[in-house]
Each structure stands twice: as structure tokens, then as C-alpha cells.
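S.K.: One structure, pasted below without further comment.
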Amino acid sequence: MTEAHWWQDAAVYQVYVRSFADSDGDGVGDLPGITARLPYLADLGVDAVWVTPFYRSPMADHGYDVADQCDVDPMFGTLADADRLVTAAHALGLRVIVDLVPNHSSDEHPWFQEALRDPSSRLRERYLFRKPGPDGGPPNNWESVFGGPAWSRDEASGEYYLHLFDRKQPDFDWRHPAVHEEWERILRFWLDRGVDGFRIDVAHGLYKQAALTDHPPSLESQDALFHASAAPHAWDQPEVVDVYRRWRQITDGYTDRVMVGEVFLSQLERVARFVGPDRLHQSFNFPLLAAPLDAQTWRRLITASLAAFEVDGAAPTWVLSNHDVIRHATRYGGGEQGRARARAATLTLLGLPGSPYLYQGEELGLEQDDVPGPARQDPIWLRSGGTVPGRDGARTPMPWTAQAPGHGFSSGTPWLPFGGQAAERSVAAQEGDPGSTLAFYRRALAQRRALRGGLDRTVTWLDGPPDVLAYARRHADGDALVCVLNTGEATTTFALPGATLLVSSDPAATASADALTLPAGTAMWVRAQV
Ligand code: GLC
């Protein structure tokens with residue numbers, strides 16, 4: 001790379017707006033709540049905050065159903081609150097990434113409202129309305145990611161409209177030029193307000209196969225995480241990358257802005273098509289979300305990710321949790337052991353070149369909550385008639401204090417209940433405890449900041465026992481940062497003379513004069529000559 005950009009190495013913290021901090025007691029987090037908690041994020045040591053959608057929305061998908069992309073929903077605040085958030089973040093040295101949802105709008109978007117009101121309206125062409133299939137049912141066999149058919153009937157005209165998500169999220173027709181123009185306007189609107197970048201929702205969507213033909217029946221069953229392979233005509237069409245070529249020209253007209261795509265495809269070579277100097281800066285790198293914490297698997301996936309994304313004009317990303325998936329402490333077994341393994345996994349990713357995206361609450365070691373059925377709100381739960389649990393368990397509010405009922409999140413009744421871990425894992429309970437997960441995150445992020453300026457971006461794998469993942473990155477001062485992870489079930493040693501401990505995921509991981517000792521499910525960073 002010729003020039004260093006902040007986003008090539010930024011640690012980004014994802015705020016799920018509804019559940020971070022509620023300033024007005026309605027039980028739902030909001031923008032002033034985030035602004036008030038920015039010092040916590042600055043202390044944590046992250047570089048940027050990604051804020052999930054806060055635009056006007058009927059909240060059928062909790063904000064991912066947008067009725068006006070250029071206004072703030074009153075539930076979350078005002079445009080002035082958004083400006084204040086950006087200004088306050090910048091004053092603390094934090095960048096702000098906002099979430100754009102270009103695949104679909106809300107059915108309450110003025111375009112769609114007009115399209116429904118008047119079946120002869122030209123605005124209908126900006127969505128995907130089609131006549132019924134030969135049997136009078138939906139025009140094709142596509143399924144919604146949230147379950148059930150991807151088509152709903154507009155009773156007035158008898159036509160169906162496409163929605164790859166909820167029926168209240170009609171898909172735009174990206175073959176219509178007005179859709180492009182509108183999104184370029186939206187991009188500039190937020191860039192002009194000073195945001196540092198965009199997270200692009202369902203970035204592999206947008207275009208659908210022009211003829212909207214049936215998916216091959218053999219592929220009908222949907223894989224919840226990587227639906228694209230089961231629905232080849234609905235996702236990752238050749239034209240979609242051209243949208244990002246244009247958007248990159250726009251963002252390149254501003255100083256140092258970033259676009260990260262939510263490209264939910266399982267094959268990295270297909271995801272890689274979305275990034276580069278003339279397209280997106282980053283794409284989320286999801287295979288690790290679906291992989292066990294196993295040294296050999298991780299080595300393979302990290303190697304492939306570096307090859308795909310550590311390219312000119314782009315940078316890799318590393319993700320273990322977000323608002324759509326089961327929190328990684330739970331995926332790795334839950335309890336003390338799951339949390340320990342989650343810390344080890346995080347430390348391993350924090351040492352790699354590129355941007356780790358951290359999800360709110362993982363720095364507290366939060367696990368997936370088992371939200372009681374009647375309290376669940378995810379459209380996946382609702383559309384499946386209460387058979388698929390959905391994502392609410394990853395979205396319960398941040399416990400800031402040990403005090404029930406509001407835990408410093410809200411003075412009202414939280415929109416989703418706190419889980420049983422809230423008091424014990426609250427920020428207040430961990431504050432000042434050097435053995436806490438929170439203290440570990442602060443140490444790791446501080447070390448990362450201190451080192452990264454001097455670190456070479458090349459990752460060199462070091463050989464060790466099969467359960468050990470070890471890599472080195474040379475530092476300008478002559479030493480190297482060495483990261484070692486033990487994914488096995490037993491304590492292991494790793495020969496490395498003269499190593500100095502920098503940070504470990506567990507106090508029981510230690511460095512002696514000639515070797516590192518790593519209990520099961522731990523990782524450490526040391527300085528050494530390699
Ligand atoms: C993305 C979001 C998810 C949302 C969906 C539809 O996958 O991360 O939360 O439900 O898009 O917008």
C-alpha cells in the first residue's frame with residue numbers, strides 16, 4: 001500500500017442502537033444515549049463506532065426497514081442528535097460509520113406508498129411488482145430469508161411484490177435509474193454531514209436476475225447463514241459491483257471515508273469481487289462465524305482471507321459476533337470456558353492486519369440470552385410462527401450497572417428483557433477488576449494501538465502442535481509480535497526463547513525464558529525474535 005488510511009487497521013465497535021443506551025426512558029436506546037457513552041468507547045480503545053440504522057422506520061425489522069433514509073426516527077432522536085453524535089465522537093478521536101440499507105425500503109416509504117395507492121403509478125417500477133404465477137400464486141419459488149414466500153400480494157392490483165426479507169421490506173428494482181440517483185443523493189447527504197463511512201446492508205443483494213426465474217428445486221432448502229448458495233438468482237448478480245464502483249468514486253471525492261459491505265456469501269472468492277481500489281474498501285468476512293474454534297480451520301480461513309482482502313485499496317475485516325448471529329462466547333461452549341475461548345479467539349484476530357469489528361457487549365463476555373418466547377420480537381420468530389428462535393438473544397440491552405431493573409441502560413422498561421447475566425457482567429461490576437473480560441479488552445486494544453504503527457502487514461505462520469495456531473508480524477524495532485492460540489483441550493507449550501509477554505487472554509498463560517505455556521482455550525501475544 002502506498003498510503004496508510006485509518007480504516008486499514010481500525011478496531012470498529014458495533015452499536016446496536018436499540019440496545020446500547022436509552023436517554024429518555026422509553027426502553028429503547030437512542031442517539032443521545034450513544035453520545036453520552038462515547039467516552040466509554042474511547043476508553044475501551046476502539047477507533048470507530050458503527051451505528052446500526054436509526055432512520056425513520058416502522059420498526060418491522062427494528063430499523064432495517066427504512067421509510068426515510070435521510071431522517072432520524074423520533075424514537076432514536078433527531079438529525080441534530082445525529083450531528084451531535086458525530087461531532088462528539090470526532091472530538092474523542094472516534095470515527096462514525098452509519099448503516100445504509102439499499103436492498104429494500106420500508107413499505108411505508110413514500111415511493112412504495114404511492115405505488116400501492118395508484119397501480120398505474122410509475123413509482124411501481126422502482127420496486128419489483130409482478131403478475132401472479134400461472135397458478136395464481138407468487139410469480140416464482142423464491143423464499144424470504146425470514147421464512148415463507150418472498151412475495152406478498154397487493155390486493156388492490158392483484159400483483160405481487162418481491163421482499164427477500166419481511167413483507168414490510170419491499171426490494172428496490174436496481175435496474176431502474178431513479179433508484180441509483182436516489183442512493184447517490186443519500187450517500188452524499190450523510191457524507192456531507194461528516195460521517196466517516198458506511199456499513200452497507202445486504203451488499204450482495206440489490207440486483208436480482210432480470211427474468212426472476214425459479215431457483216433450481218434441488219437447491220430449495222435455505223442455509224440460514226449463507227442463503228445465497230441456495231438462491232442463486234436472488235443474490236450476487238454480476239451488475240451489483242458496478243453500483244459500488246460508482247459509490248467509490250463518490251466516497252473518493254471526500255477525505256478518507258470507508259465502505260464496508262455486508263456480503264453474506266460463503267465463498268471468499270465471490271466476496272473478494274466486492275473489494276478493491278475501484279469498489280468497496282472492505283467486506284465483512286463471515287466464514288469464521290460459521291467455523292469451530294480450531295487451529296487448523298482458522299489457519300486455513302485466515303490465510304484465504306488475507307489473500308482475498310489484503311489487497312491494494314482494501315483491507316481485511318475480522319468478525320466473531322454481530323446482531324444477527326449467536327454471540328461467540330456461547331458458540332464456543334458458553335459459561336466460564338466459552339467466555340475464555342471467546343477472549344482467546346478475539347485476541348488472535350486483534351493481532352492480524354485489517355479491521356476487527358467488535359459487537360457491543362462482547363467486551364463484557366456477554367453470552368446469548370434466552371429471551372422468553374412472549375418477549376421475542378424478531379420478525380424471524382414472528383414469521384416462523386414461533387418455531388425459529390431468531391436473533392433477539394444477541395440483542396438484549398447493555399448492562400451498564402448491576403442494578404435491576406434498568407441496569408443503567410434505561411429508567412423505563414427495556415424493549416427486550418435483560419438476561420440472567422446482566423448484573424454480574426455489567427460494566428460497573430467489571431470496572432476496576434483487572435481479571436475481568438472488560439479489562440482484558442482494554443489491555444488488548446491498548447497494546448494493539450501501541451504496536452500497530454510499526455508492524456509489518458505480512459503474517460508469517462509459525463509451526464507448532466496441531467492444536468496451536470501461531471503467527472508472527474515483524475515490528476520496525478527488530479522484534480516481532482508473536483500470537484499463539486491453543487484451541488485444544490489440554491495445556492500446551494510452545495518453544496520460543498526470549499519472549500516477553502504483552503497480553504494474554506488468561507492469567508494462566510505465561511512466558512518463561514524458553515517457552516510459552518498455554519492452557520486449553522487461551523491465547524497470548526509476546527514480543528520475540530523470530
Ligand atoms: C442484514 C441485517 C439484518 C437485517 C437484514 C435485512 O442482514 O444485518 O439485521 O434483518 O439485513 O435488512
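The chains in the C-alpha cells are called A, B, ... from first to last as shown; in each chain the residues are counted from 1, and the ligands are counted from 1 in the order shown.
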Using only C-alpha atoms and all ligand atoms, find each residue with an atom at most 10 Å away from ligand 1 and format the answer as a VMD selection string.
M.R.: chain A and resid 16 52 to 53 60 to 66 99 to 106 145 to 146 163 to 166 169 199 to 203 205 225 262 to 264 322 to 325 378 to 380 391
S.K.: Run DSSP on the backbone of this structure and report the residues of stretch 91-204 of chain A it assigns to alpha helix (DSSP H), as a list in words.
M.R.: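 Alpha helix (DSSP H) members of stretch 91-204 of chain A, listed: Ala91, Pro110, Trp111, Phe112, Gln113, Glu114, Ala115, Leu116, Arg117, Pro177, Ala178, Val179, His180, Glu181, Glu182, Trp183, Glu184, Arg185, Ile186, Leu187, Arg188, Phe189, Trp190, Leu191 and Asp192 of chain A.
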S.K.: What is the atom CA of A:Pro405 to atom CA of A:Phe418 distance in Å?
M.R.: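 Rounded to one decimal, the two atoms are 8.4 Å apart.
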S.K.: Neighbouring residues of A:Pro74 were defined as those with any atom within 12 Å, considering only C-alpha atoms; residues of the same chain fewer than 4 positions away were excluded. Please report them as a count of residues only.
M.R.: 20
